[in-house]
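Participant: Coordinates in entry-v7.cif, mmCIF, C-alpha atoms, are listed below.
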data_target
loop_
_atom_site.label_atom_id
_atom_site.label_comp_id
_atom_site.auth_asym_id
_atom_site.auth_seq_id
_atom_site.Cartn_x
_atom_site.Cartn_y
_atom_site.Cartn_z
CA MET A 1 121.33 166.44 81.07
CA THR A 2 121.06 162.70 80.38
CA ALA A 3 119.14 160.81 83.07
CA VAL A 4 121.10 158.05 84.77
CA PHE A 5 119.09 155.25 86.34
CA PRO A 6 120.38 152.72 88.88
CA PRO A 7 120.57 149.28 87.25
CA VAL A 8 118.08 146.44 87.40
CA SER A 9 119.38 143.49 89.42
CA GLN A 10 121.47 141.12 87.33
CA ARG A 11 119.44 138.22 88.71
CA MET A 12 116.21 139.61 87.22
CA ALA A 13 117.89 140.69 84.01
CA ASN A 14 118.90 137.07 83.38
CA ILE A 15 115.33 135.74 83.68
CA GLN A 16 113.22 135.21 80.57
CA ALA A 17 110.34 137.61 79.95
CA PRO A 18 106.93 135.99 80.56
CA ILE A 19 105.64 134.89 77.18
CA ILE A 20 101.88 135.27 77.74
CA PRO A 21 101.95 139.12 77.75
CA VAL A 22 104.10 139.09 74.60
CA VAL A 23 101.60 136.94 72.71
CA GLY A 24 98.79 138.99 74.24
CA GLN A 25 100.28 142.13 72.71
CA TRP A 26 100.38 140.51 69.27
CA LEU A 27 96.72 139.53 69.68
CA ASN A 28 95.75 143.07 70.67
CA GLN A 29 97.37 144.32 67.47
CA CYS A 30 95.43 141.82 65.33
CA PRO A 31 91.65 142.24 65.83
CA GLY A 32 89.71 139.05 65.20
CA ALA A 33 92.62 136.74 65.94
CA ILE A 34 91.77 133.56 67.85
CA SER A 35 93.94 132.54 70.78
CA LEU A 36 95.11 128.97 71.18
CA GLY A 37 97.58 130.42 73.66
CA GLN A 38 96.81 131.10 77.30
CA GLY A 39 95.68 128.13 79.35
CA VAL A 40 92.34 128.98 80.96
CA ALA A 41 89.02 127.19 81.16
CA PHE A 42 86.12 128.33 78.97
CA TYR A 43 83.73 128.50 81.94
CA GLY A 44 83.53 130.71 85.03
CA PRO A 45 83.04 129.95 88.73
CA PRO A 46 79.99 128.16 90.12
CA GLN A 47 77.09 130.34 91.22
CA GLN A 48 77.60 129.28 94.84
CA ALA A 49 81.05 130.87 94.76
CA LEU A 50 79.76 134.10 93.27
CA GLN A 51 76.91 134.24 95.77
CA ARG A 52 79.28 133.97 98.72
CA ALA A 53 81.40 136.74 97.23
CA ARG A 54 78.33 138.98 96.82
CA LEU A 55 77.42 138.53 100.49
CA PHE A 56 80.95 139.29 101.65
CA GLY A 57 81.69 142.58 103.36
CA GLU A 58 78.93 143.40 105.83
CA PRO A 59 80.56 142.27 109.11
CA PRO A 60 83.39 144.74 109.87
CA ASP A 61 85.87 142.07 110.97
CA VAL A 62 86.09 140.57 107.45
CA HIS A 63 88.06 143.63 106.34
CA LYS A 64 90.93 142.80 108.67
CA TYR A 65 93.85 140.49 107.92
CA GLY A 66 93.03 136.80 108.06
CA PRO A 67 95.18 133.90 109.26
CA VAL A 68 98.39 133.58 107.26
CA GLN A 69 97.67 129.91 106.46
CA GLY A 70 94.10 130.55 105.25
CA GLN A 71 90.55 130.83 106.54
CA PRO A 72 89.51 127.93 108.81
CA ALA A 73 86.35 127.11 106.82
CA LEU A 74 88.32 126.83 103.56
CA LEU A 75 91.10 124.80 105.15
CA GLU A 76 88.55 122.34 106.51
CA LEU A 77 87.07 121.81 103.04
CA LEU A 78 90.51 121.45 101.46
CA ARG A 79 91.58 118.82 103.99
CA ALA A 80 88.41 116.83 103.35
CA LYS A 81 89.01 117.04 99.59
CA LEU A 82 92.65 115.93 99.92
CA VAL A 83 91.66 112.87 101.92
CA ALA A 84 88.68 111.90 99.73
CA GLU A 85 90.06 112.69 96.25
CA ASN A 86 93.84 112.50 96.61
CA ALA A 87 93.93 109.62 99.13
CA MET A 88 96.30 111.65 101.26
CA ASP A 89 97.10 110.96 104.91
CA LEU A 90 97.48 114.45 106.40
CA ARG A 91 99.23 113.35 109.58
CA GLY A 92 102.60 115.11 109.70
CA ARG A 93 101.44 117.60 107.08
CA GLU A 94 100.03 121.12 106.95
CA VAL A 95 97.79 122.83 104.39
CA LEU A 96 98.28 126.48 103.37
CA VAL A 97 96.11 128.64 101.12
CA THR A 98 98.11 130.71 98.63
CA ALA A 99 97.41 133.26 95.90
CA GLY A 100 97.51 130.59 93.20
CA ALA A 101 99.79 127.61 92.62
CA ASN A 102 102.53 129.88 91.24
CA MET A 103 102.86 131.49 94.65
CA ALA A 104 102.84 128.06 96.28
CA PHE A 105 105.80 127.04 94.11
CA LEU A 106 107.77 130.19 94.87
CA ASN A 107 107.01 129.86 98.60
CA ALA A 108 108.24 126.28 98.49
CA LEU A 109 111.55 127.28 96.90
CA PHE A 110 112.16 129.91 99.58
CA ALA A 111 111.53 127.27 102.25
CA ILE A 112 113.69 124.44 100.87
CA ALA A 113 116.56 125.97 98.88
CA ASP A 114 119.48 128.37 99.22
CA PRO A 115 121.26 130.35 96.48
CA GLY A 116 123.46 128.03 94.43
CA ASP A 117 121.29 124.96 94.99
CA GLU A 118 119.90 122.97 92.08
CA ILE A 119 116.29 122.15 91.17
CA ILE A 120 115.64 119.38 88.61
CA LEU A 121 113.02 120.33 86.00
CA PRO A 122 111.92 117.75 83.39
CA LEU A 123 111.64 119.22 79.90
CA PRO A 124 109.45 120.79 78.80
CA TYR A 125 109.15 122.84 81.98
CA TYR A 126 106.39 125.25 82.98
CA PHE A 127 108.04 128.59 82.31
CA ASN A 128 107.00 130.34 85.54
CA GLN A 129 108.65 127.57 87.54
CA GLU A 130 111.95 127.94 85.71
CA MET A 131 111.72 131.70 86.27
CA ALA A 132 111.05 131.18 89.99
CA VAL A 133 114.06 128.87 90.36
CA ARG A 134 116.33 131.56 88.93
CA MET A 135 114.69 134.32 90.99
CA VAL A 136 115.70 132.63 94.26
CA GLY A 137 119.28 132.24 93.03
CA CYS A 138 119.11 128.52 92.28
CA SER A 139 120.09 126.68 89.10
CA PRO A 140 117.50 124.79 87.03
CA VAL A 141 118.85 121.40 85.92
CA LEU A 142 116.96 120.44 82.77
CA VAL A 143 116.29 116.76 82.08
CA PRO A 144 114.71 115.69 78.76
CA THR A 145 111.59 113.53 78.70
CA ASP A 146 110.98 110.79 76.12
CA GLY A 147 109.27 111.09 72.74
CA GLU A 148 105.82 111.04 74.37
CA TYR A 149 106.88 113.59 77.02
CA GLN A 150 106.98 110.92 79.72
CA LEU A 151 109.58 111.03 82.50
CA ALA A 152 113.02 109.56 81.74
CA LEU A 153 113.91 108.09 85.13
CA PRO A 154 117.56 107.18 84.42
CA SER A 155 118.23 110.74 83.26
CA ILE A 156 116.57 112.19 86.37
CA GLN A 157 118.64 109.95 88.62
CA ALA A 158 121.83 110.87 86.78
CA ALA A 159 121.07 114.58 87.24
CA ILE A 160 121.08 114.40 91.06
CA THR A 161 124.15 116.01 92.65
CA PRO A 162 125.09 117.09 96.18
CA ARG A 163 123.56 120.51 95.36
CA THR A 164 120.16 119.09 94.34
CA ARG A 165 117.35 120.20 96.61
CA ALA A 166 114.25 119.06 94.72
CA ILE A 167 112.77 117.31 91.69
CA VAL A 168 109.70 118.94 90.16
CA THR A 169 106.92 117.01 88.43
CA VAL A 170 103.89 118.59 86.75
CA SER A 171 101.17 116.04 86.00
CA PRO A 172 98.92 116.43 84.08
CA ASN A 173 101.59 118.45 82.37
CA ASN A 174 101.78 122.03 81.24
CA PRO A 175 102.80 122.43 78.39
CA SER A 176 102.62 118.91 76.93
CA GLY A 177 99.37 117.54 78.38
CA ALA A 178 101.20 114.33 79.37
CA VAL A 179 99.81 112.40 82.34
CA TYR A 180 102.80 110.79 84.05
CA ARG A 181 102.56 107.10 84.85
CA PRO A 182 101.87 106.40 88.56
CA GLU A 183 104.86 104.05 88.76
CA ASP A 184 107.15 106.79 87.41
CA LEU A 185 105.88 109.37 89.89
CA ALA A 186 106.34 106.83 92.67
CA ALA A 187 109.89 106.16 91.45
CA VAL A 188 110.71 109.89 91.51
CA ASN A 189 109.31 110.12 95.01
CA ALA A 190 111.45 107.17 96.11
CA LEU A 191 114.53 108.84 94.60
CA CYS A 192 113.80 111.97 96.60
CA ARG A 193 113.48 110.02 99.81
CA GLN A 194 116.67 108.06 99.07
CA HIS A 195 118.72 111.20 98.41
CA GLY A 196 117.21 113.38 101.13
CA ILE A 197 115.67 115.88 98.72
CA TYR A 198 112.15 117.16 98.10
CA HIS A 199 109.54 116.18 95.52
CA LEU A 200 107.54 119.20 94.35
CA CYS A 201 104.35 117.82 92.76
CA ASP A 202 102.37 120.35 90.74
CA GLU A 203 98.84 118.95 90.39
CA ALA A 204 97.01 122.04 89.13
CA TYR A 205 95.38 120.06 86.28
CA GLU A 206 94.34 117.06 88.38
CA ASN A 207 90.73 117.20 87.18
CA PHE A 208 91.57 117.29 83.47
CA VAL A 209 92.19 113.74 82.24
CA TYR A 210 90.69 111.93 79.25
CA GLY A 211 90.13 108.40 78.02
CA GLN A 212 91.67 105.77 80.28
CA ALA A 213 94.02 108.20 82.01
CA SER A 214 93.65 108.98 85.70
CA HIS A 215 95.31 111.42 88.04
CA TYR A 216 97.77 110.18 90.64
CA SER A 217 99.00 112.11 93.69
CA PRO A 218 102.50 111.08 94.86
CA GLY A 219 101.61 112.39 98.32
CA SER A 220 99.18 109.46 98.67
CA LEU A 221 102.13 107.08 99.05
CA ALA A 222 103.07 105.88 102.50
CA ASP A 223 106.00 107.58 104.24
CA THR A 224 106.02 110.61 101.96
CA GLN A 225 104.97 113.25 104.47
CA GLY A 226 108.57 114.33 105.22
CA HIS A 227 109.76 115.13 101.69
CA THR A 228 106.72 115.68 99.42
CA LEU A 229 105.14 119.06 98.70
CA SER A 230 101.88 118.92 96.71
CA LEU A 231 100.66 122.06 94.93
CA TYR A 232 97.09 122.68 93.75
CA SER A 233 94.97 125.39 92.18
CA LEU A 234 91.32 126.37 91.86
CA SER A 235 92.07 128.44 88.74
CA LYS A 236 91.36 125.74 86.16
CA ALA A 237 88.83 123.34 87.66
CA TYR A 238 86.57 126.06 89.03
CA GLY A 239 87.04 128.76 86.36
CA PHE A 240 88.71 130.75 89.11
CA ALA A 241 91.82 132.18 87.42
CA SER A 242 91.35 135.84 88.35
CA TRP A 243 90.54 135.05 91.99
CA ARG A 244 94.08 133.74 92.60
CA ILE A 245 93.46 130.88 95.00
CA GLY A 246 95.74 127.86 95.26
CA TYR A 247 96.94 125.71 98.12
CA MET A 248 99.81 123.50 99.13
CA VAL A 249 100.30 120.43 101.31
CA VAL A 250 103.69 120.49 103.03
CA PRO A 251 105.76 118.58 105.58
CA GLN A 252 105.14 119.84 109.10
CA HIS A 253 108.80 120.72 109.64
CA LEU A 254 108.63 123.25 106.76
CA TYR A 255 105.53 124.96 108.10
CA PRO A 256 107.28 127.68 110.18
CA ALA A 257 109.48 128.64 107.22
CA LEU A 258 106.50 128.79 104.87
CA LEU A 259 104.54 130.98 107.27
CA LYS A 260 107.47 133.44 107.25
CA VAL A 261 107.45 133.52 103.45
CA GLN A 262 103.69 133.89 103.19
CA ASP A 263 103.51 136.60 105.84
CA THR A 264 106.21 138.60 104.06
CA ASN A 265 104.93 138.24 100.50
CA LEU A 266 101.19 138.26 101.03
CA ILE A 267 100.07 138.03 104.67
CA CYS A 268 97.05 136.06 103.47
CA ALA A 269 95.16 135.33 100.27
CA THR A 270 92.37 137.88 99.84
CA ARG A 271 89.51 137.01 102.13
CA ILE A 272 86.76 137.63 99.58
CA ALA A 273 88.47 135.17 97.20
CA GLN A 274 88.77 132.63 100.00
CA GLU A 275 85.08 133.09 100.76
CA ALA A 276 84.25 132.42 97.11
CA ALA A 277 86.53 129.37 97.22
CA VAL A 278 84.47 127.98 100.10
CA GLY A 279 81.44 128.10 97.82
CA ALA A 280 83.38 126.41 95.01
CA LEU A 281 84.62 123.60 97.28
CA GLN A 282 81.09 123.05 98.61
CA VAL A 283 80.03 122.32 95.03
CA GLY A 284 83.09 120.10 94.62
CA SER A 285 85.01 118.70 91.67
CA GLU A 286 81.78 117.54 90.04
CA TYR A 287 81.60 121.14 88.80
CA CYS A 288 84.68 120.55 86.65
CA ARG A 289 83.58 117.08 85.53
CA ARG A 290 80.32 118.42 84.12
CA HIS A 291 82.35 120.61 81.74
CA LEU A 292 84.71 117.86 80.61
CA PRO A 293 82.43 116.58 77.79
CA THR A 294 82.70 119.97 76.07
CA LEU A 295 86.46 119.94 76.51
CA GLN A 296 86.63 116.40 75.15
CA GLN A 297 84.60 117.47 72.10
CA VAL A 298 86.96 120.38 71.45
CA ARG A 299 89.98 118.14 72.01
CA SER A 300 88.69 115.64 69.44
CA GLN A 301 88.01 118.40 66.92
CA VAL A 302 91.51 119.81 67.35
CA LEU A 303 93.19 116.41 67.06
CA ASP A 304 91.19 115.53 63.95
CA ALA A 305 92.06 118.81 62.27
CA LEU A 306 95.75 118.48 63.15
CA GLN A 307 95.99 115.25 61.17
CA ALA A 308 96.42 117.43 58.10
CA LEU A 309 99.82 118.47 59.52
CA GLN A 310 101.25 114.96 59.89
CA GLY A 311 103.63 115.57 57.01
CA CYS A 312 105.25 118.61 58.61
CA CYS A 313 104.57 118.20 62.34
CA ARG A 314 105.10 115.68 65.09
CA ILE A 315 102.00 115.65 67.30
CA PRO A 316 102.14 113.30 70.33
CA VAL A 317 98.61 112.68 71.62
CA THR A 318 98.54 113.21 75.37
CA ASP A 319 95.75 112.57 77.85
CA GLY A 320 95.63 115.49 80.26
CA ALA A 321 95.22 119.21 80.93
CA PHE A 322 94.07 121.10 77.80
CA TYR A 323 97.33 121.34 75.88
CA LEU A 324 99.01 119.77 72.87
CA LEU A 325 102.68 120.30 72.03
CA LEU A 326 103.63 120.25 68.35
CA LYS A 327 107.09 120.00 66.84
CA VAL A 328 107.08 121.70 63.44
CA ASP A 329 109.48 120.56 60.74
CA THR A 330 110.97 123.94 59.83
CA ARG A 331 114.19 125.87 60.25
CA MET A 332 112.16 128.88 61.38
CA ASP A 333 112.51 129.62 65.09
CA ALA A 334 109.42 129.16 67.24
CA MET A 335 109.06 132.84 68.21
CA THR A 336 109.06 133.95 64.59
CA LEU A 337 106.58 131.25 63.60
CA ALA A 338 104.25 132.14 66.47
CA GLU A 339 104.29 135.85 65.62
CA ARG A 340 103.67 135.23 61.91
CA LEU A 341 100.75 132.92 62.74
CA VAL A 342 99.10 135.75 64.67
CA ARG A 343 99.82 138.53 62.21
CA GLU A 344 99.28 136.64 58.95
CA TYR A 345 96.73 133.93 59.86
CA GLY A 346 94.93 135.32 62.91
CA VAL A 347 95.70 132.51 65.35
CA ALA A 348 97.95 132.45 68.42
CA ALA A 349 100.01 129.64 69.92
CA ILE A 350 102.82 129.76 72.49
CA PRO A 351 106.40 129.25 71.20
CA GLY A 352 108.14 126.25 72.72
CA ASN A 353 111.35 128.05 73.65
CA ALA A 354 109.42 129.53 76.58
CA PHE A 355 109.25 125.99 77.97
CA GLY A 356 112.96 125.26 77.46
CA LEU A 357 112.57 123.47 74.11
CA ARG A 358 115.46 124.56 71.90
CA ASP A 359 116.12 121.45 69.79
CA GLY A 360 113.59 122.47 67.15
CA CYS A 361 110.48 124.55 66.55
CA TYR A 362 107.70 123.73 69.04
CA LEU A 363 104.28 125.29 69.60
CA ARG A 364 101.95 124.78 72.55
CA LEU A 365 98.26 124.79 71.75
CA SER A 366 95.64 125.37 74.42
CA TYR A 367 92.05 124.43 73.65
CA GLY A 368 90.62 125.00 77.14
CA ALA A 369 89.27 128.50 76.65
CA LEU A 370 87.28 127.86 73.48
CA GLN A 371 83.82 126.70 72.58
CA PRO A 372 83.69 124.04 69.80
CA GLU A 373 82.85 126.46 66.96
CA THR A 374 85.65 128.90 67.86
CA ALA A 375 88.14 126.07 68.32
CA ALA A 376 87.29 124.68 64.89
CA GLU A 377 87.96 128.02 63.20
CA GLY A 378 91.13 128.58 65.21
CA VAL A 379 92.67 125.22 64.40
CA GLN A 380 91.76 125.61 60.70
CA ARG A 381 93.72 128.87 60.67
CA LEU A 382 96.60 127.16 62.46
CA VAL A 383 96.73 124.26 60.01
CA ARG A 384 96.61 126.60 57.04
CA GLY A 385 99.32 128.83 58.52
CA ILE A 386 101.72 126.07 59.54
CA SER A 387 101.31 124.27 56.20
CA ARG A 388 102.26 127.38 54.28
CA LEU A 389 104.93 128.79 56.57
CA ALA A 390 106.69 125.46 57.08
CA ALA A 391 106.86 125.04 53.30
CA GLU A 392 108.85 128.27 53.08
CA HIS A 393 111.67 126.72 55.10
#
Is it possible to give me this structure as structure tokens?
Facilitator:
Amino acid sequence: MTAVFPPVSQRMANIQAPIIPVVGQWLNQCPGAISLGQGVAFYGPPQQALQRARLFGEPPDVHKYGPVQGQPALLELLRAKLVAENAMDLRGREVLVTAGANMAFLNALFAIADPGDEIILPLPYYFNQEMAVRMVGCSPVLVPTDGEYQLALPSIQAAITPRTRAIVTVSPNNPSGAVYRPEDLAAVNALCRQHGIYHLCDEAYENFVYGQASHYSPGSLADTQGHTLSLYSLSKAYGFASWRIGYMVVPQHLYPALLKVQDTNLICATRIAQEAAVGALQVGSEYCRRHLPTLQQVRSQVLDALQALQGCCRIPVTDGAFYLLLKVDTRMDAMTLAERLVREYGVAAIPGNAFGLRDGCYLRLSYGALQPETAAEGVQRLVRGISRLAAEH
């Protein structure tokens, strides 16, 4: 007798598969391959964070549920950081601890949007955000950026309709590494206020800027507390990816709705991870800054090596995060190119179609996880592979 299974929801069937596990499977099948794929930092958490985690667990009350919004000690440190580093006035705002910035984004959508509403995503988008928009029954409205992956303000304004609920900005950007100009972020925020919609500001890479670039928080502007949601993460700056700690700053009137979402999905971020996060915040963002020289060295190595691809690639140099986004001059689709690079040349990159880029063959490179010597070998393999494969087409 043939088994008959009830169907998967059509909503989930229409959502793209997450690309990182796909590339991870290719890597597992190719021993010795070097990953320029997943975006993680090469370093781990500070010792103060690990020490607090080791001491966790003796008092019996720590094994009970914590406050939905986060542990008081962590919230106090986060508020101090937001005021000192993001120049944010927290009056009329609330801070919530989440299990990473991805959860913060999904929570925000549940709080601000209904099925059939529209969310504006500049291209290239961060794939998990596009997936989240579709999961809650909303429509992503995709707006191209310019040739340097900077915001195209007239296009964003033209995309606003009566169904628009929010505009999303990710700066420094994943996947392009672009750091959006402060005046452009301020202009987006003003558009949101003018049209009565929300500005979702993803600032997960706030600590990763190079050269003359600097990070700018739209929530630092006056009169933004009613329509601006700012999303942050400890995953990158503190080498904290597996601990799953992020946080969000939200308008006070959304707080009750967000507590409902958080209590249903999570109840609270794990208390041992929050305890470790207290240790990380006590060290502060200086912990990330002390690792930036190594990242800058790797970034320079990668950019120098990529010059050999100028004849067959377009490589905008961006100033943030730890990503570069290449457009390869080939008729080969990005997924095929990415798989062949792993299997034939032992190097992984993320295909650009995962980020909504369908007008050519794009690859996202991440150099954050690698030490200089590994990065040098990885980018040499990439250059050799792209040069040869692009010549086939």
Participant: Of the residues A:Asp304, A:Glu206, A:Asp333, A:Glu118, which is the one nearest to Ala159 of chain A, using only C-alpha atoms?
Facilitator: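 Among the listed residues, A:Glu118 lies closest to Ala159 of chain A.
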Participant: Just so the selection is clear, what residues does the PyMOL selection byres ((chain A and resi 337-351) around 10) cover here, as a compact mmCIF listing (two decimals) with C-alpha atoms, in the coordinates of the input?
Facilitator:
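Writing done, so here's part-v1.txt:
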# COMPACT_ATOMS: atom_id res chain seq x y z
CA ILE A 19 105.64 134.89 77.18
CA ILE A 20 101.88 135.27 77.74
CA VAL A 22 104.10 139.09 74.60
CA VAL A 23 101.60 136.94 72.71
CA GLY A 24 98.79 138.99 74.24
CA TRP A 26 100.38 140.51 69.27
CA LEU A 27 96.72 139.53 69.68
CA GLN A 29 97.37 144.32 67.47
CA CYS A 30 95.43 141.82 65.33
CA PRO A 31 91.65 142.24 65.83
CA GLY A 32 89.71 139.05 65.20
CA ALA A 33 92.62 136.74 65.94
CA ILE A 34 91.77 133.56 67.85
CA SER A 35 93.94 132.54 70.78
CA LEU A 36 95.11 128.97 71.18
CA GLY A 37 97.58 130.42 73.66
CA GLN A 38 96.81 131.10 77.30
CA PRO A 175 102.80 122.43 78.39
CA LEU A 325 102.68 120.30 72.03
CA LEU A 326 103.63 120.25 68.35
CA VAL A 328 107.08 121.70 63.44
CA THR A 330 110.97 123.94 59.83
CA ARG A 331 114.19 125.87 60.25
CA MET A 332 112.16 128.88 61.38
CA ASP A 333 112.51 129.62 65.09
CA ALA A 334 109.42 129.16 67.24
CA MET A 335 109.06 132.84 68.21
CA THR A 336 109.06 133.95 64.59
CA GLY A 352 108.14 126.25 72.72
CA ASN A 353 111.35 128.05 73.65
CA ALA A 354 109.42 129.53 76.58
CA PHE A 355 109.25 125.99 77.97
CA GLY A 356 112.96 125.26 77.46
CA LEU A 357 112.57 123.47 74.11
CA CYS A 361 110.48 124.55 66.55
CA TYR A 362 107.70 123.73 69.04
CA LEU A 363 104.28 125.29 69.60
CA ARG A 364 101.95 124.78 72.55
CA LEU A 365 98.26 124.79 71.75
CA SER A 366 95.64 125.37 74.42
CA GLU A 377 87.96 128.02 63.20
CA GLY A 378 91.13 128.58 65.21
CA VAL A 379 92.67 125.22 64.40
CA GLN A 380 91.76 125.61 60.70
CA ARG A 381 93.72 128.87 60.67
CA LEU A 382 96.60 127.16 62.46
CA VAL A 383 96.73 124.26 60.01
CA ARG A 384 96.61 126.60 57.04
CA GLY A 385 99.32 128.83 58.52
CA ILE A 386 101.72 126.07 59.54
CA LEU A 389 104.93 128.79 56.57
CA ALA A 390 106.69 125.46 57.08
Participant: Which residue is closest to Asp223 of chain A? Choose from A:Ala101, A:Cys268, A:Ala369, A:Cys192 and count only C-alpha atoms.
Facilitator: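 Going through A:Ala101, A:Cys268, A:Ala369, A:Cys192 one by one, the smallest distance to Asp223 of chain A is for A:Cys192.
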Participant: When you look at Phe56 of chain A with a cut-off of 8 Å (counting only C-alpha atoms), what residues show up, excluding the ones that are within fewer than 5 positions of it in the same chain? I need them as number ranges by chain.
Facilitator: A: 62, 272, 275
Participant: Show which residues sit within 9 Å of Ala213 of chain A, as a list in words. Count only C-alpha atoms, and ignore same-chain residues fewer than 4 positions away.
Facilitator: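 Final neighbour list, sorted by chain and number: Val179, Val209, Asp319 and Gly320 of chain A.
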Participant: Using the chain letters and numbers from the file, give me the residues hit by the PyMOL selection byres ((chain A and resi 89) around 9), as an mmCIF file with C-alpha atoms, keeping the file's coordinate frame.
Facilitator:
data_model
loop_
_atom_site.group_PDB
_atom_site.id
_atom_site.type_symbol
_atom_site.label_atom_id
_atom_site.label_comp_id
_atom_site.auth_asym_id
_atom_site.auth_seq_id
_atom_site.Cartn_x
_atom_site.Cartn_y
_atom_site.Cartn_z
ATOM 1 C CA LEU A 82 92.650 115.930 99.920
ATOM 2 C CA VAL A 83 91.660 112.870 101.920
ATOM 3 C CA ALA A 87 93.930 109.620 99.130
ATOM 4 C CA MET A 88 96.300 111.650 101.260
ATOM 5 C CA LEU A 90 97.480 114.450 106.400
ATOM 6 C CA ARG A 91 99.230 113.350 109.580
ATOM 7 C CA GLY A 92 102.600 115.110 109.700
ATOM 8 C CA ARG A 93 101.440 117.600 107.080
ATOM 9 C CA GLY A 219 101.610 112.390 98.320
ATOM 10 C CA SER A 220 99.180 109.460 98.670
ATOM 11 C CA LEU A 221 102.130 107.080 99.050
ATOM 12 C CA ALA A 222 103.070 105.880 102.500
ATOM 13 C CA GLN A 225 104.970 113.250 104.470
#
Participant: Here is a test: counting all atoms listed in the file, which residue of A:Ala237, A:Leu75, A:Val261, A:Val143 is nearest to His291 of chain A?
Facilitator: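 With all atoms listed in the file as the atom set, the closest residue is A:Ala237.
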Participant: For atom CA of Val317 of chain A and atom CA of Tyr180 of chain A, quote the distance in Å rounded to one decimal.
Facilitator: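 Interatomic distance here is 13.3 Å.
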Participant: For the provided coordinates, the residues matched by the PyMOL selection byres ((chain A and resi 277) around 9) should be stated as an NGL selection string.
Facilitator: :A and (49 or 52-53 or 74 or 234 or 238 or 240 or 243 or 245 or 272-276 or 278-282)
Participant: Using Å and a single decimal, report how far atom CA of Leu370 of chain A sits from atom CA of Val170 of chain A.
Facilitator: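 Straight-line distance from atom CA of Val170 of chain A to atom CA of Leu370 of chain A works out to 23.2 Å.
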